[in-house]
2 protein chains.
Amino acid sequence: MTLVAVEDVRDAALAALVGAGATATNADLQADLLIEAELRGVPSHGLLRLERIINRIHNGVADPVATGIHTWRSDAFLAVDGQWGLGPVVAKTALDAISEKARQTGVAVAAVSNSNHIGMLAWYAEAIAEGGQILIAITTSEALVHPWGGRVALVGTNPIAIGVPTATGPFVIDLATSMVSMGEIHDRAHRGQAIPEGWALDAEGNSTIDPNAAKSGALAPFGQAKGYALGLAFELLVASITGAALGRNVVGTLDATNICNKGDVFIVIDGGTGQAAAISQYLDIIRATPPAEGFAQVLVPGERAAAQRRDRLKTGLPLADDVWVAVRTLRDAAQSGMEA
Amino acid sequence: MTLVAVEDVRDAALAALVGAGATATNADLQADLLIEAELRGVPSHGLLRLERIINRIHNGVADPVATGIHTWRSDAFLAVDGQWGLGPVVAKTALDAISEKARQTGVAVAAVSNSNHIGMLAWYAEAIAEGGQILIAITTSEALVHPWGGRVALVGTNPIAIGVPTATGPFVIDLATSMVSMGEIHDRAHRGQAIPEGWALDAEGNSTIDPNAAKSGALAPFGQAKGYALGLAFELLVASITGAALGRNVVGTLDATNICNKGDVFIVIDGGTGQAAAISQYLDIIRATPPAEGFAQVLVPGERAAAQRRDRLKTGLPLADDVWVAVRTLRDAAQSGMEA
């Protein structure tokens with residue numbers, strides 16, 4: 001683990017992305033998304049992903065210049081052909097368009113196809129809630145989750161994020177519909193730790209506490225039948241309006257070679273009723289409620305991440321050694337490439 | 001338990017509602033919602049609720065004639081003042097309006113306030129998906145759920161429903177963000193059965209397996225921290241755009257005397273991409289996947305309810321004796337009232 005100043009990480013990531021052909025604006029968006037994930041303690045969506053992103057550009061399955069083609073299918077429905085652009089570039093461009101539209105129409109939706117992995121959804125929800133609007137963001141992904149009562153991975157980890165404005169800043173949730181992330185399984189395997197019963201199945205569909213066996217198996221949905229229902233509904237909803245692939249046909253967010261065929265849906269609602277102060281008061285009541293045995297306090301979602309962000313802006317990002325080596329290697333390759 | 005033909009139940013419920021002052025149309029909607037819940041095996045949202053609805057009309061906190069005042073706050077944002085009308089009447093009237101609007105705008109939202117309990121959300125999701133559109137429905141309710149890590153109920157059971165069209169009919173999920181419903185707790189208490197560890201806390205905030213102790217305590221959120229985050233996000237989202245009350249200030253869906261101050265949000269998306277057949281194929285793959293130990297088969301959400309509905313249309317509704325007595329008493333009172 002190395003503690004690296006945020007600006008050093010940003011400079012290296014920007015150099016690597018610009019070296020791979022990204023415009024300055026696009027490199028900024030992609031680098032910021034990865035860094036914000038590290039700041040919030042979500043390394044699975046952080047700099048770890050940079051090498052794959054650069055490789056996808058080199059392999060021709062990510063276009064570092066594209067921002068997406070926008071077609072207003074109707075007044076408040078934006079269809080986005082992502083032109084295989086970088087995920088956060090395509091998503092942010094789409095969000096800017098529907099956020100502006102929603103100021104007139106009250107609600108607007110973006111259905112994004114042909115885009116790459118859009119990373120940590122909280123990043124988008126926070127930006128929209130910061131602007132006084134509500135965001136619901138849903139995206140699909142490779143089938144890593146078994147249906148409740150099943151043995152085989154057939155459903156994506158299909159996360160949802162919701163951002164709501166309050167008087168004291170954005171309230172944001174961002175959660176996958178799997179019990180844990182596959183990143184967490186890999187991390188346990190790396191550290192030689194068992195995983196709790198109920199997290200995952202092995203390749204034969206049997207419950208396992210061995211993270212190495214779980215890697216080739218399936219993650220459990222969170223919350224049993226209910227989490228399965230939600231994850232499946234998100235898969236169908238997104239496919240229905242973006243034309244995304246379904247189930248085991250989804251590829252391209254975990255590899256460097258396949259054209260990515262998942263979809264992203266954003267819904268922006270503009271219609272506050274002056275409730276921001278009442279919402280903040282309610283959240284204060286939750287913060288002050290007595291904790292149950294084994295809990296130090298009751299948390300409002302997103303606040304642990306926000307505290308971590310404040311700390312890490314000062315202390316720097318605790319990057320895994322191999323990740324920081326990889327980022328610098330990508331930067332150096334880009335810089336020698338430009339000199340050549 | 002009495003098995004009663006659906007049309008006998010409908011006639012009795014209609015007579016009771018019309019006797020209490022409902023128009024024929026409004027009585028139809030309210031009765032149909034309750035009967036459809038019974039057909040799908042959700043008695044907590046069924047005829048059990050009729051007496052309270054009638055009492056709320058008598059007590060002046062539900063208006064059996066009102067359908068809601070519609071104000072288009074912007075092109076695709078409908079603000080609905082429910083005028084304290086019957087929940088399904090106000091909700092269905094709002095849904096009809098935004099469903100039609102979404103055919104032009106691609107998406108439309110309804111923010112409903114001053115309405116009564118809207119019952120089983122699947123009813124709405126199925127209707128919209130039947131018409132080829134997607135529905136996301138979220139409603140709030142009395143604080144019965146403790147925050148994850150807390151001891152006291154501070155969050156509503158805040159359910160979500162999603163309906164998506166497929167080639168073989170609507171796909172619908174409808175789930176509360178609590179582990180179980182308070183109705184299930186009451187049912188266990190009635191039958192003298194313990195509840196599983198982890199379902200609920202007692203009034204002191206300690207874990208309990210005694211359903212009678214749980215009645216005055218708090219339900220667990222489903223899926224631990226993630227389900228808590230979702231339920232809380234729904235509470236804030238709905239309050240933000242409807243002006244609904246929050247947390248323990250919410251009243252009027254479980255009693256016969258308080259003006260109801262929760263809110264309902266409906267989002268209709270119109271923008272299919274011809275994926276209905278692919279979605280149905282994908283659901284077939286899920287149905288055919290091998291089940292895990294202890295499961296007979298892998299279910300697609302909503303299908304057990306749909307099968308039950310088909311059966312019960314033939315066999316009749318298995319109503320609890322006291323519920324069927326209460327419905328007939330309400331009918332008889334209404335009929336003698338009309339003769340008087």
# chains A, B, ... in the order shown; residues from 1 in each chain; ligands from 1
$ select_by_dssp --residues "segment 114-313 of chain A" --states "strand (DSSP E)" --output "MDAnalysis selection string"
chainID A and resid 114:115 134:139 143:145 155:156 160:164 171:175 200:201 207:208 218:219 264:269
$ write_last_selection --atoms "N, CA and C atoms" --output "compact mmCIF listing (two decimals), in the first residue's frame"
# COMPACT_ATOMS: atom_id res chain seq x y z
N ASN A 114 -24.21 1.32 -26.37
CA ASN A 114 -22.89 1.45 -27.03
C ASN A 114 -21.93 2.32 -26.24
N SER A 115 -21.93 2.16 -24.93
CA SER A 115 -21.00 2.91 -24.10
C SER A 115 -20.16 1.94 -23.27
N ILE A 134 -33.24 15.42 -8.62
CA ILE A 134 -33.16 14.02 -8.20
C ILE A 134 -32.63 13.19 -9.35
N LEU A 135 -31.74 12.24 -9.06
CA LEU A 135 -31.30 11.28 -10.08
C LEU A 135 -31.61 9.86 -9.64
N ILE A 136 -32.15 9.09 -10.56
CA ILE A 136 -32.18 7.64 -10.43
C ILE A 136 -31.32 7.10 -11.55
N ALA A 137 -30.26 6.37 -11.22
CA ALA A 137 -29.35 5.81 -12.22
C ALA A 137 -29.32 4.30 -12.07
N ILE A 138 -29.49 3.59 -13.16
CA ILE A 138 -29.44 2.13 -13.15
C ILE A 138 -28.58 1.68 -14.32
N THR A 139 -27.68 0.74 -14.06
CA THR A 139 -26.86 0.23 -15.15
C THR A 139 -26.78 -1.29 -15.03
N ALA A 143 -23.22 -11.02 -16.09
CA ALA A 143 -23.97 -11.92 -15.19
C ALA A 143 -23.01 -12.55 -14.19
N LEU A 144 -23.05 -12.07 -12.95
CA LEU A 144 -22.21 -12.62 -11.88
C LEU A 144 -23.07 -13.12 -10.72
N VAL A 145 -24.38 -12.89 -10.79
CA VAL A 145 -25.26 -13.14 -9.66
C VAL A 145 -26.22 -14.28 -9.99
N VAL A 155 -27.67 -13.15 -13.71
CA VAL A 155 -28.13 -11.77 -13.59
C VAL A 155 -26.91 -10.88 -13.31
N GLY A 156 -26.93 -9.67 -13.84
CA GLY A 156 -25.84 -8.73 -13.57
C GLY A 156 -25.82 -8.28 -12.12
N ILE A 160 -27.94 0.39 -8.54
CA ILE A 160 -28.79 1.58 -8.62
C ILE A 160 -28.16 2.66 -7.76
N ALA A 161 -28.26 3.89 -8.22
CA ALA A 161 -27.92 5.03 -7.37
C ALA A 161 -29.09 5.99 -7.38
N ILE A 162 -29.31 6.62 -6.25
CA ILE A 162 -30.34 7.65 -6.12
C ILE A 162 -29.70 8.84 -5.42
N GLY A 163 -29.91 10.00 -5.98
CA GLY A 163 -29.43 11.23 -5.35
C GLY A 163 -30.61 12.16 -5.09
N VAL A 164 -30.67 12.70 -3.89
CA VAL A 164 -31.76 13.61 -3.51
C VAL A 164 -31.13 14.84 -2.85
N PHE A 171 -27.93 13.82 -0.66
CA PHE A 171 -28.07 12.50 -0.06
C PHE A 171 -27.92 11.52 -1.22
N VAL A 172 -27.02 10.55 -1.07
CA VAL A 172 -26.74 9.63 -2.19
C VAL A 172 -26.67 8.19 -1.69
N ILE A 173 -27.38 7.30 -2.38
CA ILE A 173 -27.12 5.87 -2.19
C ILE A 173 -26.60 5.32 -3.51
N ASP A 174 -25.82 4.28 -3.42
CA ASP A 174 -25.21 3.65 -4.60
C ASP A 174 -24.93 2.22 -4.21
N LEU A 175 -25.71 1.28 -4.72
CA LEU A 175 -25.54 -0.10 -4.28
C LEU A 175 -25.78 -1.08 -5.41
N ALA A 200 -21.56 -16.56 -1.72
CA ALA A 200 -21.28 -17.00 -3.09
C ALA A 200 -21.39 -18.52 -3.23
N LEU A 201 -21.52 -18.97 -4.48
CA LEU A 201 -21.51 -20.39 -4.83
C LEU A 201 -20.25 -20.68 -5.64
N SER A 207 -22.68 -23.89 -2.17
CA SER A 207 -22.26 -22.82 -1.28
C SER A 207 -20.79 -23.00 -0.92
N THR A 208 -20.03 -21.92 -0.91
CA THR A 208 -18.60 -22.02 -0.61
C THR A 208 -18.15 -20.87 0.28
N ALA A 218 -20.73 -17.98 -8.55
CA ALA A 218 -21.75 -16.94 -8.65
C ALA A 218 -21.91 -16.23 -7.31
N LEU A 219 -22.13 -14.93 -7.36
CA LEU A 219 -22.43 -14.16 -6.16
C LEU A 219 -23.91 -14.32 -5.81
N ASP A 264 -27.26 1.76 -19.88
CA ASP A 264 -27.37 2.64 -18.72
C ASP A 264 -28.65 3.47 -18.85
N VAL A 265 -29.35 3.63 -17.75
CA VAL A 265 -30.56 4.46 -17.75
C VAL A 265 -30.43 5.52 -16.66
N PHE A 266 -30.69 6.75 -17.04
CA PHE A 266 -30.71 7.87 -16.08
C PHE A 266 -32.07 8.55 -16.12
N ILE A 267 -32.62 8.81 -14.96
CA ILE A 267 -33.87 9.56 -14.86
C ILE A 267 -33.61 10.76 -13.96
N VAL A 268 -33.79 11.95 -14.50
CA VAL A 268 -33.63 13.17 -13.70
C VAL A 268 -35.01 13.77 -13.45
N ILE A 269 -35.32 14.03 -12.19
CA ILE A 269 -36.59 14.65 -11.81
C ILE A 269 -36.31 16.02 -11.23
$ select_by_dssp --residues "segment 67-233 of chain A" --states "helix (DSSP H, G or I)" --output "ChimeraX atom specification"
/A:87-105,122-130,182-191,211-215,224-233
$ closest_residue --among "A:Pro290, A:Gly271, A:Pro64, A:Gly131" --to "Ala16 of chain A" --atoms "only C-alpha atoms"
A:Pro64
$ residues_around --residues "segment 48-57 of chain A" --least-positions-apart "5" --cutoff "9 Å" --atoms "only C-alpha atoms" --output "VMD selection string"
chain A and resid 13 16 to 17 20 to 21 30 to 31 34 43 62 to 64 86 116 to 117 254 to 259 319 to 320 322 to 324 326 to 327 330
$ closest_residue --among "A:Arg304, A:His58, A:Arg287, A:Lys262" --to "chain B" --atoms "only C-alpha atoms"
A:Arg287
$ closest_residue --among "A:Glu36, A:Asp187, A:Asp11, A:Glu293" --to "chain B" --atoms "only C-alpha atoms"
A:Glu293
$ closest_residue --among "A:Ala22, A:Ile195, A:Leu78, A:Ile209" --to "chain B" --atoms "only C-alpha atoms"
A:Leu78
$ atom_distance --atom1 "atom CA of Glu7 of chain A" --atom2 "atom CA of Leu317 of chain A"
9.8 Å
$ residues_around --residues "segment 230-233 of chain A" --least-positions-apart "2" --cutoff "7 Å" --atoms "only C-alpha atoms" --output "list in words"
Val155, Thr157, Asn158, Thr177, Lys226, Gly227, Tyr228, Glu235, Leu236 and Leu237 of chain A; Ile162 of chain B
$ write_last_selection --atoms "N, CA, C and O atoms" --output "PDB file, in the first residue's frame"
ATOM      1  N   VAL A 155     -27.673 -13.150 -13.712  1.00  0.00           N
ATOM      2  CA  VAL A 155     -28.131 -11.767 -13.588  1.00  0.00           C
ATOM      3  C   VAL A 155     -26.914 -10.880 -13.311  1.00  0.00           C
ATOM      4  O   VAL A 155     -25.981 -11.302 -12.622  1.00  0.00           O
ATOM      5  N   THR A 157     -24.751  -7.605 -11.729  1.00  0.00           N
ATOM      6  CA  THR A 157     -24.714  -7.029 -10.379  1.00  0.00           C
ATOM      7  C   THR A 157     -25.550  -5.745 -10.342  1.00  0.00           C
ATOM      8  O   THR A 157     -25.750  -5.160  -9.275  1.00  0.00           O
ATOM      9  N   ASN A 158     -26.014  -5.314 -11.479  1.00  0.00           N
ATOM     10  CA  ASN A 158     -26.997  -4.262 -11.716  1.00  0.00           C
ATOM     11  C   ASN A 158     -27.219  -3.281 -10.563  1.00  0.00           C
ATOM     12  O   ASN A 158     -28.182  -3.401  -9.807  1.00  0.00           O
ATOM     13  N   THR A 177     -26.894  -4.869  -6.646  1.00  0.00           N
ATOM     14  CA  THR A 177     -27.924  -5.797  -6.178  1.00  0.00           C
ATOM     15  C   THR A 177     -27.336  -7.180  -5.874  1.00  0.00           C
ATOM     16  O   THR A 177     -28.081  -8.109  -5.597  1.00  0.00           O
ATOM     17  N   LYS A 226     -35.865 -10.739  -2.549  1.00  0.00           N
ATOM     18  CA  LYS A 226     -36.180  -9.347  -2.891  1.00  0.00           C
ATOM     19  C   LYS A 226     -35.066  -8.697  -3.702  1.00  0.00           C
ATOM     20  O   LYS A 226     -35.327  -7.996  -4.678  1.00  0.00           O
ATOM     21  N   GLY A 227     -33.809  -8.927  -3.288  1.00  0.00           N
ATOM     22  CA  GLY A 227     -32.692  -8.352  -4.024  1.00  0.00           C
ATOM     23  C   GLY A 227     -32.579  -8.954  -5.423  1.00  0.00           C
ATOM     24  O   GLY A 227     -32.248  -8.257  -6.384  1.00  0.00           O
ATOM     25  N   TYR A 228     -32.870 -10.252  -5.514  1.00  0.00           N
ATOM     26  CA  TYR A 228     -32.908 -10.913  -6.833  1.00  0.00           C
ATOM     27  C   TYR A 228     -33.961 -10.264  -7.723  1.00  0.00           C
ATOM     28  O   TYR A 228     -33.700  -9.944  -8.900  1.00  0.00           O
ATOM     29  N   GLU A 235     -32.333  -5.274 -14.807  1.00  0.00           N
ATOM     30  CA  GLU A 235     -31.807  -5.850 -16.055  1.00  0.00           C
ATOM     31  C   GLU A 235     -32.831  -5.692 -17.189  1.00  0.00           C
ATOM     32  O   GLU A 235     -32.488  -5.302 -18.310  1.00  0.00           O
ATOM     33  N   LEU A 236     -34.105  -5.996 -16.882  1.00  0.00           N
ATOM     34  CA  LEU A 236     -35.147  -5.930 -17.909  1.00  0.00           C
ATOM     35  C   LEU A 236     -35.476  -4.486 -18.274  1.00  0.00           C
ATOM     36  O   LEU A 236     -35.660  -4.159 -19.448  1.00  0.00           O
ATOM     37  N   LEU A 237     -35.570  -3.634 -17.259  1.00  0.00           N
ATOM     38  CA  LEU A 237     -35.900  -2.225 -17.511  1.00  0.00           C
ATOM     39  C   LEU A 237     -34.855  -1.595 -18.439  1.00  0.00           C
ATOM     40  O   LEU A 237     -35.203  -0.953 -19.438  1.00  0.00           O
TER      41      LEU A 237
ATOM     42  N   ILE B 162     -42.045  -2.290 -10.014  1.00  0.00           N
ATOM     43  CA  ILE B 162     -41.554  -2.021 -11.367  1.00  0.00           C
ATOM     44  C   ILE B 162     -42.301  -2.958 -12.304  1.00  0.00           C
ATOM     45  O   ILE B 162     -42.417  -4.154 -12.030  1.00  0.00           O
TER      46      ILE B 162
END
$ closest_residue --among "A:Gly119, A:Gly316, A:Gly223, A:Pro147" --to "chain B" --atoms "only C-alpha atoms"
A:Gly223
$ closest_residue --among "B:Lys314, B:Lys92, B:Arg73, B:Arg328" --to "chain A" --atoms "only C-alpha atoms"
B:Arg73
